[in-house]
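As provided, run.tsv (TSV, C-alpha atoms and all ligand atoms) reads as follows.
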chain	number	residue	atom	x	y	z
A	1	MET	CA	0.00	0.00	0.00
A	2	ASP	CA	1.13	3.57	-0.66
A	3	LEU	CA	-0.36	5.11	2.46
A	4	ILE	CA	-2.19	3.98	5.60
A	5	LEU	CA	-4.37	6.26	7.73
A	6	LYS	CA	-3.96	4.79	11.22
A	7	ASN	CA	-5.59	5.14	14.63
A	8	ILE	CA	-8.70	6.82	13.23
A	9	GLY	CA	-10.96	7.55	16.20
A	10	ARG	CA	-14.06	6.92	14.16
A	11	LEU	CA	-14.31	6.01	10.48
A	12	TYR	CA	-17.57	6.57	8.60
A	13	GLN	CA	-17.64	4.32	5.59
A	14	VAL	CA	-21.20	5.46	4.72
A	15	ALA	CA	-21.79	2.22	2.79
A	16	ARG	CA	-20.17	-1.20	2.95
A	17	GLN	CA	-22.40	-3.38	0.79
A	18	GLY	CA	-21.80	-1.78	-2.59
A	19	GLU	CA	-25.07	0.14	-2.37
A	20	SER	CA	-25.47	2.83	-5.00
A	21	ARG	CA	-27.73	4.92	-2.73
A	22	LYS	CA	-29.46	4.75	0.63
A	23	THR	CA	-33.14	5.45	1.16
A	24	GLY	CA	-35.47	5.91	4.14
A	25	LEU	CA	-34.27	4.26	7.35
A	26	GLU	CA	-31.05	3.04	5.69
A	27	MET	CA	-29.86	6.63	5.77
A	28	GLN	CA	-29.47	6.50	9.56
A	29	ASP	CA	-26.58	4.07	9.24
A	30	ALA	CA	-23.34	5.73	8.12
A	31	CYS	CA	-21.40	2.50	8.80
A	32	GLU	CA	-19.10	3.56	11.62
A	33	ILE	CA	-15.98	1.71	12.69
A	34	SER	CA	-14.17	2.79	15.87
A	35	HIS	CA	-10.38	2.73	16.11
A	36	ALA	CA	-9.89	2.08	12.42
A	37	TRP	CA	-7.39	2.17	9.58
A	38	VAL	CA	-7.75	2.81	5.84
A	39	GLY	CA	-5.14	1.78	3.27
A	40	ILE	CA	-4.64	3.49	-0.07
A	41	SER	CA	-3.02	2.08	-3.19
A	42	ASN	CA	-2.83	3.71	-6.63
A	43	GLY	CA	-5.35	6.36	-5.62
A	44	LYS	CA	-7.94	3.82	-4.50
A	45	ILE	CA	-9.08	2.36	-1.19
A	46	ALA	CA	-7.10	-0.86	-0.85
A	47	GLY	CA	-8.20	-2.04	2.59
A	48	LEU	CA	-9.71	-0.99	5.89
A	49	GLY	CA	-10.70	-2.37	9.25
A	50	THR	CA	-10.15	-2.06	12.99
A	51	MET	CA	-6.63	-1.33	14.24
A	52	ASP	CA	-6.04	-4.94	15.40
A	53	SER	CA	-5.98	-5.92	11.70
A	54	CYS	CA	-3.81	-3.01	10.49
A	55	PRO	CA	-0.93	-4.09	8.21
A	56	ASP	CA	2.61	-2.71	8.49
A	57	GLY	CA	5.06	-1.46	5.93
A	58	ALA	CA	3.60	1.62	4.33
A	59	LYS	CA	3.81	5.35	4.79
A	60	VAL	CA	1.58	6.25	7.74
A	61	LEU	CA	-0.69	9.19	8.48
A	62	ASP	CA	-1.63	9.15	12.14
A	63	CYS	CA	-5.28	10.15	12.63
A	64	ALA	CA	-5.46	9.63	16.39
A	65	GLY	CA	-8.48	11.34	17.92
A	66	ARG	CA	-9.85	12.38	14.54
A	67	ILE	CA	-12.75	11.18	12.44
A	68	VAL	CA	-12.57	10.27	8.76
A	69	PHE	CA	-15.46	10.29	6.30
A	70	PRO	CA	-15.79	10.21	2.48
A	71	GLY	CA	-15.11	13.43	0.56
A	72	TYR	CA	-18.30	15.38	0.00
A	73	VAL	CA	-19.99	14.98	-3.37
A	74	ASP	CA	-21.59	18.33	-4.20
A	75	SER	CA	-23.97	17.34	-6.99
A	76	HIS	CA	-25.38	20.78	-7.82
A	77	THR	CA	-23.36	23.99	-8.30
A	78	HIS	CA	-23.04	27.00	-10.58
A	79	LEU	CA	-19.39	27.44	-9.69
A	80	ILE	CA	-18.48	29.34	-12.84
A	81	PHE	CA	-19.67	32.95	-12.82
A	82	ALA	CA	-18.31	36.36	-13.71
A	83	ALA	CA	-19.48	38.58	-10.88
A	84	THR	CA	-21.01	38.59	-7.42
A	85	ARG	CA	-24.58	39.93	-6.89
A	86	GLU	CA	-24.46	41.64	-3.52
A	87	GLY	CA	-26.64	44.50	-4.85
A	88	GLU	CA	-29.58	42.11	-5.20
A	89	PHE	CA	-28.79	40.72	-1.76
A	90	VAL	CA	-29.26	44.18	-0.30
A	91	ASP	CA	-32.41	44.74	-2.44
A	92	ARG	CA	-33.90	41.61	-0.89
A	93	ILE	CA	-33.11	42.87	2.60
A	94	ARG	CA	-35.03	46.02	1.62
A	95	GLY	CA	-38.01	43.85	0.66
A	96	LEU	CA	-37.85	42.85	-3.02
A	97	SER	CA	-38.46	39.17	-3.76
A	98	TYR	CA	-36.19	36.90	-5.85
A	99	GLU	CA	-38.89	36.79	-8.54
A	100	GLU	CA	-39.36	40.59	-8.58
A	101	ILE	CA	-35.62	40.98	-9.03
A	102	ALA	CA	-35.67	38.41	-11.84
A	103	ARG	CA	-38.54	40.23	-13.63
A	104	LYS	CA	-36.52	43.46	-13.60
A	105	GLY	CA	-33.70	41.70	-15.47
A	106	GLY	CA	-31.76	40.91	-12.33
A	107	GLY	CA	-31.03	37.42	-11.10
A	108	ILE	CA	-29.86	34.92	-13.69
A	109	LEU	CA	-30.07	37.49	-16.50
A	110	ASN	CA	-27.79	39.80	-14.53
A	111	SER	CA	-25.23	37.00	-14.23
A	112	ALA	CA	-25.64	36.24	-17.95
A	113	ARG	CA	-24.88	39.82	-19.05
A	114	LYS	CA	-21.64	39.80	-17.10
A	115	LEU	CA	-20.65	36.31	-18.13
A	116	GLN	CA	-21.13	37.08	-21.82
A	117	LEU	CA	-18.52	39.86	-21.48
A	118	ALA	CA	-15.97	37.71	-19.64
A	119	SER	CA	-13.22	35.77	-21.39
A	120	GLU	CA	-12.57	32.07	-20.81
A	121	ASP	CA	-9.37	32.98	-18.95
A	122	GLU	CA	-11.15	35.39	-16.63
A	123	LEU	CA	-13.84	32.84	-15.85
A	124	LEU	CA	-11.26	30.13	-15.29
A	125	GLU	CA	-9.33	32.25	-12.81
A	126	GLY	CA	-12.41	32.79	-10.62
A	127	ALA	CA	-13.43	29.14	-10.92
A	128	ILE	CA	-9.98	27.90	-9.86
A	129	ALA	CA	-10.14	29.99	-6.68
A	130	ARG	CA	-13.62	28.71	-5.81
A	131	ALA	CA	-12.69	25.11	-6.62
A	132	TRP	CA	-9.73	25.21	-4.19
A	133	GLU	CA	-11.97	26.88	-1.62
A	134	ILE	CA	-14.48	23.99	-1.65
A	135	LEU	CA	-11.77	21.36	-1.81
A	136	HIS	CA	-10.24	22.66	1.41
A	137	MET	CA	-13.68	22.42	3.02
A	138	GLY	CA	-14.00	18.74	2.17
A	139	THR	CA	-15.59	18.54	-1.28
A	140	THR	CA	-13.80	16.10	-3.57
A	141	THR	CA	-16.40	15.72	-6.34
A	142	VAL	CA	-18.44	18.56	-7.79
A	143	GLU	CA	-20.99	19.08	-10.51
A	144	ILE	CA	-20.80	22.38	-12.40
A	145	LYS	CA	-23.58	23.76	-14.58
A	146	SER	CA	-23.58	26.19	-17.44
A	147	GLY	CA	-26.63	28.45	-17.55
A	148	TYR	CA	-25.25	31.97	-17.31
A	149	GLY	CA	-24.38	32.03	-21.02
A	150	LEU	CA	-27.87	31.72	-22.54
A	151	THR	CA	-26.40	31.93	-26.05
A	152	VAL	CA	-24.91	28.94	-27.84
A	153	LYS	CA	-21.46	30.50	-27.81
A	154	ASP	CA	-21.51	31.46	-24.14
A	155	GLU	CA	-23.06	28.22	-22.87
A	156	LEU	CA	-20.30	26.27	-24.63
A	157	LYS	CA	-17.75	28.75	-23.27
A	158	MET	CA	-18.85	27.95	-19.72
A	159	LEU	CA	-18.64	24.21	-20.30
A	160	ARG	CA	-15.16	24.58	-21.79
A	161	VAL	CA	-14.05	26.47	-18.68
A	162	ALA	CA	-15.47	23.66	-16.52
A	163	ARG	CA	-13.49	21.15	-18.57
A	164	LYS	CA	-10.27	23.18	-18.33
A	165	LEU	CA	-10.72	23.47	-14.57
A	166	GLU	CA	-9.88	19.79	-14.16
A	167	ALA	CA	-6.29	20.47	-15.23
A	168	HIS	CA	-5.88	23.01	-12.41
A	169	VAL	CA	-7.64	21.42	-9.43
A	170	PRO	CA	-7.73	17.74	-8.43
A	171	LEU	CA	-11.52	17.72	-7.95
A	172	ARG	CA	-13.60	15.15	-9.84
A	173	ILE	CA	-15.90	17.30	-12.00
A	174	ARG	CA	-19.15	16.55	-13.83
A	175	ARG	CA	-20.48	19.10	-16.33
A	176	THR	CA	-24.13	19.90	-16.99
A	177	LEU	CA	-25.62	21.89	-19.85
A	178	LEU	CA	-28.25	24.21	-18.36
A	179	GLY	CA	-29.06	26.21	-21.49
A	180	ALA	CA	-32.69	26.53	-20.37
A	181	HIS	CA	-31.89	28.35	-17.13
A	182	ALA	CA	-33.83	31.56	-17.88
A	183	LEU	CA	-35.44	33.17	-20.90
A	184	PRO	CA	-33.30	36.10	-22.11
A	185	MET	CA	-35.13	39.47	-22.38
A	186	ASP	CA	-35.04	39.52	-26.19
A	187	TYR	CA	-36.82	36.14	-26.33
A	188	ARG	CA	-39.70	37.19	-24.06
A	189	GLU	CA	-42.09	37.36	-27.03
A	190	LYS	CA	-40.63	34.38	-28.88
A	191	ARG	CA	-39.89	31.76	-26.27
A	192	GLU	CA	-40.26	28.89	-28.71
A	193	ASP	CA	-37.33	30.26	-30.71
A	194	PHE	CA	-35.18	30.01	-27.59
A	195	VAL	CA	-36.33	26.45	-26.88
A	196	GLN	CA	-35.52	25.54	-30.50
A	197	MET	CA	-32.02	26.97	-30.03
A	198	VAL	CA	-31.52	24.75	-26.98
A	199	LEU	CA	-32.85	21.71	-28.86
A	200	LYS	CA	-31.18	22.21	-32.21
A	201	GLU	CA	-27.92	23.95	-31.36
A	202	MET	CA	-26.88	23.84	-27.69
A	203	ILE	CA	-27.56	20.18	-26.98
A	204	PRO	CA	-26.10	18.78	-30.22
A	205	GLN	CA	-23.00	20.98	-30.06
A	206	ALA	CA	-22.33	20.36	-26.35
A	207	ALA	CA	-22.72	16.62	-26.87
A	208	GLU	CA	-20.64	16.46	-30.02
A	209	GLU	CA	-17.76	18.35	-28.39
A	210	GLY	CA	-18.00	16.05	-25.35
A	211	LEU	CA	-18.53	19.08	-23.13
A	212	ALA	CA	-21.50	17.88	-21.06
A	213	HIS	CA	-22.35	14.77	-19.06
A	214	PHE	CA	-25.89	15.88	-18.23
A	215	VAL	CA	-28.68	18.22	-19.32
A	216	ASP	CA	-30.71	20.43	-16.98
A	217	VAL	CA	-33.78	22.71	-17.21
A	218	PHE	CA	-35.19	25.25	-14.74
A	219	CYS	CA	-38.75	23.90	-14.69
A	220	ASP	CA	-40.65	26.41	-12.58
A	221	ARG	CA	-43.10	29.29	-12.51
A	222	GLY	CA	-41.69	32.16	-14.58
A	223	PHE	CA	-39.02	29.96	-16.18
A	224	PHE	CA	-39.68	26.86	-18.35
A	225	THR	CA	-42.89	24.82	-18.59
A	226	VAL	CA	-43.33	21.09	-18.07
A	227	ASP	CA	-43.80	20.60	-21.81
A	228	GLU	CA	-40.65	22.56	-22.68
A	229	THR	CA	-38.73	20.68	-20.01
A	230	GLU	CA	-39.83	17.32	-21.37
A	231	ARG	CA	-38.82	18.17	-24.91
A	232	ILE	CA	-35.40	19.36	-23.75
A	233	ILE	CA	-34.63	16.34	-21.57
A	234	GLN	CA	-35.80	13.97	-24.27
A	235	LYS	CA	-33.51	15.67	-26.77
A	236	GLY	CA	-30.68	15.36	-24.23
A	237	ALA	CA	-31.42	11.64	-23.93
A	238	ASP	CA	-31.08	11.30	-27.73
A	239	TYR	CA	-27.52	12.54	-27.27
A	240	GLY	CA	-26.75	10.35	-24.26
A	241	LEU	CA	-27.13	13.14	-21.67
A	242	LYS	CA	-29.06	12.11	-18.58
A	243	ALA	CA	-31.31	14.73	-17.02
A	244	LYS	CA	-31.02	16.66	-13.78
A	245	ILE	CA	-33.87	19.13	-13.27
A	246	HIS	CA	-34.25	22.38	-11.31
A	247	ALA	CA	-37.74	21.67	-10.00
A	248	ASN	CA	-40.30	23.01	-7.52
A	249	GLN	CA	-38.23	25.84	-6.08
A	250	LEU	CA	-40.90	28.50	-6.55
A	251	ASP	CA	-44.08	26.50	-7.06
A	252	HIS	CA	-45.60	23.03	-7.41
A	253	SER	CA	-44.36	23.20	-10.98
A	254	GLY	CA	-44.75	19.60	-12.14
A	255	GLY	CA	-40.98	19.47	-12.46
A	256	VAL	CA	-40.67	16.53	-10.10
A	257	GLN	CA	-43.23	14.48	-12.00
A	258	VAL	CA	-41.80	15.21	-15.44
A	259	GLY	CA	-38.34	14.32	-14.16
A	260	VAL	CA	-39.46	11.00	-12.70
A	261	LYS	CA	-41.49	10.15	-15.80
A	262	ASN	CA	-38.44	10.67	-18.00
A	263	GLY	CA	-35.98	8.82	-15.74
A	264	ALA	CA	-34.09	11.92	-14.61
A	265	LEU	CA	-31.04	11.16	-12.50
A	266	SER	CA	-32.13	13.83	-10.02
A	267	VAL	CA	-34.70	16.54	-9.33
A	268	ASP	CA	-33.17	19.41	-7.41
A	269	HIS	CA	-34.33	22.26	-5.11
A	270	LEU	CA	-37.80	21.02	-3.99
A	271	GLU	CA	-38.85	23.80	-1.66
A	272	CYS	CA	-42.42	23.19	-2.91
A	273	VAL	CA	-43.00	19.49	-2.33
A	274	GLY	CA	-46.15	17.83	-1.00
A	275	GLU	CA	-47.88	14.46	-1.10
A	276	ALA	CA	-48.12	14.33	-4.90
A	277	GLU	CA	-44.41	14.91	-5.42
A	278	ILE	CA	-43.42	12.44	-2.70
A	279	GLN	CA	-45.69	9.81	-4.25
A	280	ALA	CA	-44.18	10.42	-7.67
A	281	LEU	CA	-40.69	9.87	-6.25
A	282	GLN	CA	-41.53	6.68	-4.34
A	283	GLY	CA	-40.17	3.63	-6.11
A	284	SER	CA	-38.45	5.74	-8.77
A	285	ALA	CA	-34.76	5.83	-9.71
A	286	THR	CA	-34.70	9.63	-9.44
A	287	MET	CA	-32.79	11.18	-6.51
A	288	PRO	CA	-34.28	14.27	-4.87
A	289	VAL	CA	-31.47	16.77	-4.23
A	290	LEU	CA	-32.08	19.33	-1.49
A	291	LEU	CA	-30.27	22.69	-1.44
A	292	PRO	CA	-30.90	24.07	2.05
A	293	SER	CA	-28.57	27.06	1.81
A	294	ALA	CA	-30.60	28.43	-1.13
A	295	ALA	CA	-33.68	28.37	1.11
A	296	PHE	CA	-31.62	29.91	3.92
A	297	PHE	CA	-30.24	32.75	1.81
A	298	LEU	CA	-33.58	33.58	0.12
A	299	ARG	CA	-35.58	33.15	3.34
A	300	ALA	CA	-37.68	30.52	1.57
A	301	PRO	CA	-39.32	27.54	3.26
A	302	TYR	CA	-36.96	24.62	3.77
A	303	GLN	CA	-37.37	21.41	1.83
A	304	PRO	CA	-39.45	18.81	3.73
A	305	ALA	CA	-36.55	16.41	4.20
A	306	ARG	CA	-38.01	14.70	7.26
A	307	GLU	CA	-41.29	13.88	5.50
A	308	MET	CA	-39.42	12.64	2.44
A	309	ILE	CA	-37.08	10.34	4.36
A	310	ASP	CA	-39.91	9.09	6.59
A	311	ALA	CA	-41.83	8.25	3.41
A	312	GLY	CA	-38.94	5.96	2.43
A	313	LEU	CA	-37.15	8.25	0.00
A	314	GLY	CA	-33.44	8.85	-0.20
A	315	VAL	CA	-32.30	12.45	-0.44
A	316	ALA	CA	-29.03	14.10	-1.40
A	317	LEU	CA	-27.67	17.42	-0.14
A	318	ALA	CA	-25.87	19.89	-2.39
A	319	SER	CA	-24.75	23.50	-2.10
A	320	ASP	CA	-26.12	25.18	-5.25
A	321	TYR	CA	-23.01	27.42	-5.02
A	322	ASN	CA	-23.92	30.46	-7.17
A	323	PRO	CA	-23.74	34.25	-6.95
A	324	GLY	CA	-27.49	34.83	-6.59
A	325	SER	CA	-29.00	32.47	-4.07
A	326	THR	CA	-26.07	30.65	-2.40
A	327	PRO	CA	-22.68	32.28	-2.41
A	328	THR	CA	-21.07	29.35	-0.62
A	329	GLY	CA	-19.99	25.83	-1.48
A	330	ASN	CA	-19.35	24.80	2.12
A	331	MET	CA	-20.92	21.36	2.43
A	332	ASN	CA	-20.38	21.38	6.20
A	333	PHE	CA	-22.86	24.25	6.34
A	334	GLU	CA	-25.36	22.30	4.18
A	335	VAL	CA	-25.07	19.43	6.66
A	336	ALA	CA	-25.64	21.85	9.55
A	337	LEU	CA	-28.72	23.41	7.92
A	338	ALA	CA	-30.08	19.96	7.12
A	339	CYS	CA	-29.80	18.98	10.77
A	340	ILE	CA	-30.82	22.27	12.38
A	341	ARG	CA	-33.56	23.45	10.02
A	342	MET	CA	-34.78	20.22	8.35
A	343	ARG	CA	-34.35	17.84	11.28
A	344	MET	CA	-32.16	15.37	9.47
A	345	LEU	CA	-29.98	13.28	11.78
A	346	PRO	CA	-26.25	13.95	11.36
A	347	GLN	CA	-25.70	10.47	9.91
A	348	GLU	CA	-28.55	10.98	7.43
A	349	ALA	CA	-27.00	14.27	6.39
A	350	LEU	CA	-23.61	12.59	5.93
A	351	VAL	CA	-25.12	9.90	3.70
A	352	ALA	CA	-27.00	12.59	1.75
A	353	ALA	CA	-23.85	14.68	1.22
A	354	THR	CA	-21.71	11.77	0.05
A	355	LEU	CA	-23.17	8.51	-1.30
A	356	ASN	CA	-26.53	9.92	-2.39
A	357	GLY	CA	-24.79	12.87	-4.03
A	358	ALA	CA	-22.62	10.43	-5.95
A	359	TYR	CA	-25.77	8.60	-7.06
A	360	ALA	CA	-27.18	11.91	-8.32
A	361	LEU	CA	-24.10	12.18	-10.55
A	362	ASP	CA	-24.11	8.55	-11.70
A	363	LEU	CA	-20.81	8.12	-9.82
A	364	ALA	CA	-21.74	5.83	-6.95
A	365	ALA	CA	-19.50	3.06	-8.27
A	366	GLU	CA	-16.52	5.40	-8.04
A	367	CYS	CA	-16.95	7.65	-4.99
A	368	GLY	CA	-19.31	8.64	-2.16
A	369	SER	CA	-18.29	5.96	0.35
A	370	ILE	CA	-15.12	4.41	1.78
A	371	GLU	CA	-15.14	0.94	0.25
A	372	VAL	CA	-12.35	-1.14	-1.23
A	373	GLY	CA	-11.93	-0.32	-4.92
A	374	LYS	CA	-13.45	3.16	-4.78
A	375	SER	CA	-11.45	6.34	-5.22
A	376	ALA	CA	-9.53	7.32	-2.06
A	377	ASP	CA	-11.40	10.58	-1.42
A	378	LEU	CA	-11.34	11.24	2.31
A	379	VAL	CA	-11.89	14.01	4.82
A	380	ILE	CA	-9.83	14.04	8.03
A	381	THR	CA	-11.25	16.35	10.68
A	382	ASP	CA	-9.82	18.16	13.66
A	383	ARG	CA	-9.84	16.13	16.86
A	384	MET	CA	-13.42	15.15	17.63
A	385	GLU	CA	-15.48	12.23	18.88
A	386	SER	CA	-18.14	11.98	16.22
A	387	PHE	CA	-19.60	13.46	13.05
A	388	ASP	CA	-22.36	15.03	15.19
A	389	LEU	CA	-19.89	17.83	15.97
A	390	ILE	CA	-19.73	18.92	12.32
A	391	PRO	CA	-23.30	20.32	12.32
A	392	TYR	CA	-23.07	21.22	16.02
A	393	PHE	CA	-20.18	23.68	15.51
A	394	PHE	CA	-22.06	24.97	12.47
A	395	ALA	CA	-19.85	27.96	11.70
A	396	LYS	CA	-16.44	26.51	12.54
A	397	ASN	CA	-14.00	25.12	10.02
A	398	GLN	CA	-13.16	21.68	11.41
A	399	ILE	CA	-11.57	20.11	8.34
A	400	HIS	CA	-7.95	19.17	9.03
A	401	GLN	CA	-6.88	17.47	5.78
A	402	VAL	CA	-8.45	16.32	2.55
A	403	VAL	CA	-7.33	13.35	0.46
A	404	VAL	CA	-8.32	13.28	-3.21
A	405	LYS	CA	-7.68	10.26	-5.43
A	406	GLY	CA	-5.17	9.07	-2.82
A	407	LYS	CA	-3.22	12.32	-2.68
A	408	VAL	CA	-3.05	14.22	0.61
A	409	MET	CA	-3.71	17.89	-0.13
A	410	GLY	CA	-1.15	20.34	1.19
A	411	GLU	CA	1.69	17.79	1.28
B	1	ZN	ZN	-29.12	25.62	-9.18

Target encoding structure tokens, full file:
Amino acid sequence: MDLILKNIGRLYQVARQGESRKTGLEMQDACEISHAWVGISNGKIAGLGTMDSCPDGAKVLDCAGRIVFPGYVDSHTHLIFAATREGEFVDRIRGLSYEEIARKGGGILNSARKLQLASEDELLEGAIARAWEILHMGTTTVEIKSGYGLTVKDELKMLRVARKLEAHVPLRIRRTLLGAHALPMDYREKREDFVQMVLKEMIPQAAEEGLAHFVDVFCDRGFFTVDETERIIQKGADYGLKAKIHANQLDHSGGVQVGVKNGALSVDHLECVGEAEIQALQGSATMPVLLPSAAFFLRAPYQPAREMIDAGLGVALASDYNPGSTPTGNMNFEVALACIRMRMLPQEALVAATLNGAYALDLAAECGSIEVGKSADLVITDRMESFDLIPYFFAKNQIHQVVVKGKVMGE
């Protein structure tokens, strides 16, 4: 083995049976082992167990008194953007709503205007800084969406920046085409023309250049309809792009149901979820992804995580890192909000922020838990007894070291 993490106070494997996701009651079990070791070979987990079975003869990292859990999998971000939007933040404090700001050409359209003016190099520079920021806070896999371009040229530009980012930061990155993020002002009277541009130009070109893994649509009141969403995700499927949908943030939009019906990998946001949406998700392969810091920042109602898990669903947690509704990619804070505001148990939140996030990116065979054969993506915390202290000290940075693909960051 290349490296052994020894004397780990508590190891959270999250899964140990090769599960691709956990649902309902299963989420309460984050598969703890006390006084443990983990061995790494060629960037992968090569072995693990309790200290009485620990082999000798490799480089050692002593983790005495610390806990170790899988690197966070942040399955929903808008990490690439050209400018912050603190003006809108202050407008909201003064009383304007997110939708009122959007109608005035703020919100996503504000980000789009600035992104269209930015060069690939400028965008890359900002993205590199944010990518290192989240890596140091424990994220080892991240999804990044386009969606601030809103022209063919600028959407592809964003995806190219996301692809280049991988050469600069050791994060595992998945790229999503979100051409249908908002309707630009000059398409207000001809929305079908915009949808046709997504269908006939953005999707084929992004797929042919190998720029996107997934396709996404903002299916909500004031954005795109269920019918438009369905046509876009079906076109994505023709090109081998699985769907991830922005659904039910602002209304009971039908986004959840259209996602489930079309086999979407995930439906994300879900502030507006009731019985009908929960029923649609039951027994489906679609992962609901909850973004609690977006609800926090916009003072919106939190997603009904407790009801969803108690109904037998699995949920994932993601940051939604973006300049408008969540200017943070700190997954420790998502875990804290999930526990404090949505009454998820810490172990449920850990499963949601790792394994279930990996499922929402079709990556559960590769990351999201500490199992032999998976990528060695690990978080080593400050000295602490249990993961419960991560949400408990909700505003404290408690990440000591991060290991990505077997490499210890900072060494
Ligand atoms: Zn989003």

- Item | Shell of 7 Å around ligand ZN 1 (chain B) (only C-alpha atoms and all ligand atoms), written as a PyMOL selection string | chain A and resi 76-78+246+320

- Task: Tell me, as a list in words, which residues lie within 6 Å of Met158 of chain A, counting all atoms listed in the file; anything in the same chain fewer than 3 positions away does not count.
- Result: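 My reading of the contact set: Ser146, Glu155 and Val161 of chain A.
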
- Enter the distance from atom CA of Asp216 of chain A to atom CA of Gly236 of chain A, in Å, rounded to one decimal.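 Between atom CA of Asp216 of chain A and atom CA of Gly236 of chain A the gap works out to 8.8 Å.
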
- Note on the structure: Computed gap from atom CA of Phe297 of chain A to atom CA of Pro323 of chain A is 11.0 Å

- So, counting all atoms listed in the file, which residue among A:Val256, A:Leu378, A:Leu178, A:Leu48 is closest to Glu275 of chain A?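 Looking only at the distances to Glu275 of chain A, the closest residue turns out to be A:Val256.
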
Within 12 Å of segment 24-30 of chain A, which residues of segment 49-144 of chain A show up? Give each one with its shortest atom-to-atom distance in Å (one decimal) and the two atoms involved, counting all atoms listed in the file, rows by chain then rising residue number, as JSON lines.
{"residue": "A:Val68", "atom": "CA", "partner": "A:Ala30", "partner_atom": "CA", "distance": 11.7}
{"residue": "A:Phe69", "atom": "CA", "partner": "A:Ala30", "partner_atom": "CA", "distance": 9.3}
{"residue": "A:Pro70", "atom": "CA", "partner": "A:Ala30", "partner_atom": "CA", "distance": 10.4}

- To one decimal in Å, tell me the separation between atom CA of Ile134 of chain A and atom CA of Glu122 of chain A.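 Pair atom CA of Ile134 of chain A / atom CA of Glu122 of chain A returns 19.1 Å.
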
- Task: Would you kindly return, as a VMD selection string, each protein, DNA or RNA residue with an atom no farther than 12 Å from any atom of Lys261 of chain A, considering all atoms listed in the file and excluding same-chain residues fewer than 4 positions away?
- Result: chain A and resid 226 229 to 230 233 to 234 243 254 to 257 265 to 267 277 280 to 286

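Shortest separation to Gly406 of chain A among A:Asp377, A:Asp62, A:Glu228, A:Glu334 occurs at residue A:Asp377, atoms counted being all atoms listed in the file.
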
- Message: Measuring between all atoms listed in the file, which one of A:Val289, A:Ala64, A:Cys367, A:Ala294 shows the shortest distance to Tyr321 of chain A?
- Response: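 Of all the options, A:Ala294 lies closest to Tyr321 of chain A.
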
As lines of an AutoDock Vina configuration file: centre and edge lengths in Å, one decimal, of the axis-aligned box holding segment 181-198 of chain A with 6 Å per side:
center_x = -36.8
center_y = 32.1
center_z = -23.9
size_x = 22.6
size_y = 26.8
size_z = 25.6

- Query: Once you count all atoms listed in the file, which residues end up no further than 12 Å from (-40.8, 40.2, -16.2) in the file's frame, shown as an MDAnalysis selection string?
  - Reply: chainID A and resid 98:107 109 182:189 221:223

- Query: Using all atoms listed in the file, which of A:Gln401, A:Ser34, A:Gln205, A:Thr151 sits nearest Gly179 of chain A?
  - Reply: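 Answer, going by the shortest atom-to-atom distance: A:Thr151.
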
- Query: If we count only C-alpha atoms, what is near His181 of chain A at a cut-off of 6 Å, once residues fewer than 3 positions away on the same chain are taken out, given as number ranges by chain?
  - Reply: A: 147, 178, 217-218

- Within 7 Å of Ile370 of chain A using all atoms listed in the file, minus same-chain residues under 2 positions, as a list in words: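 Near Ile370 of chain A, the qualifying residues are Gln13, Val14, Pro70, Val372 and Lys374 of chain A.
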
- Message: When you look at Leu177 of chain A with a cut-off of 9 Å (counting all atoms listed in the file), what residues show up, excluding the ones that are within fewer than 2 positions of it in the same chain? I need them as a list in words.
- Response: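 Returned residues: Ile144, Lys145, Ser146, Gly147, Glu155, Leu156, Leu159, Arg175, Gly179, Ala180, Met202, Ile203, Ala206, Leu211, Ala212, His213, Phe214, Val215, Asp216 and Val217 of chain A.
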
- Query: Smallest atom-to-atom distance to Ala338 of chain A: which of A:Ala131, A:Ile390, A:Ala365, A:Val195, using all atoms listed in the file?
  - Reply: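 Once distances to Ala338 of chain A are computed over all atoms listed in the file, the minimum belongs to A:Ile390.
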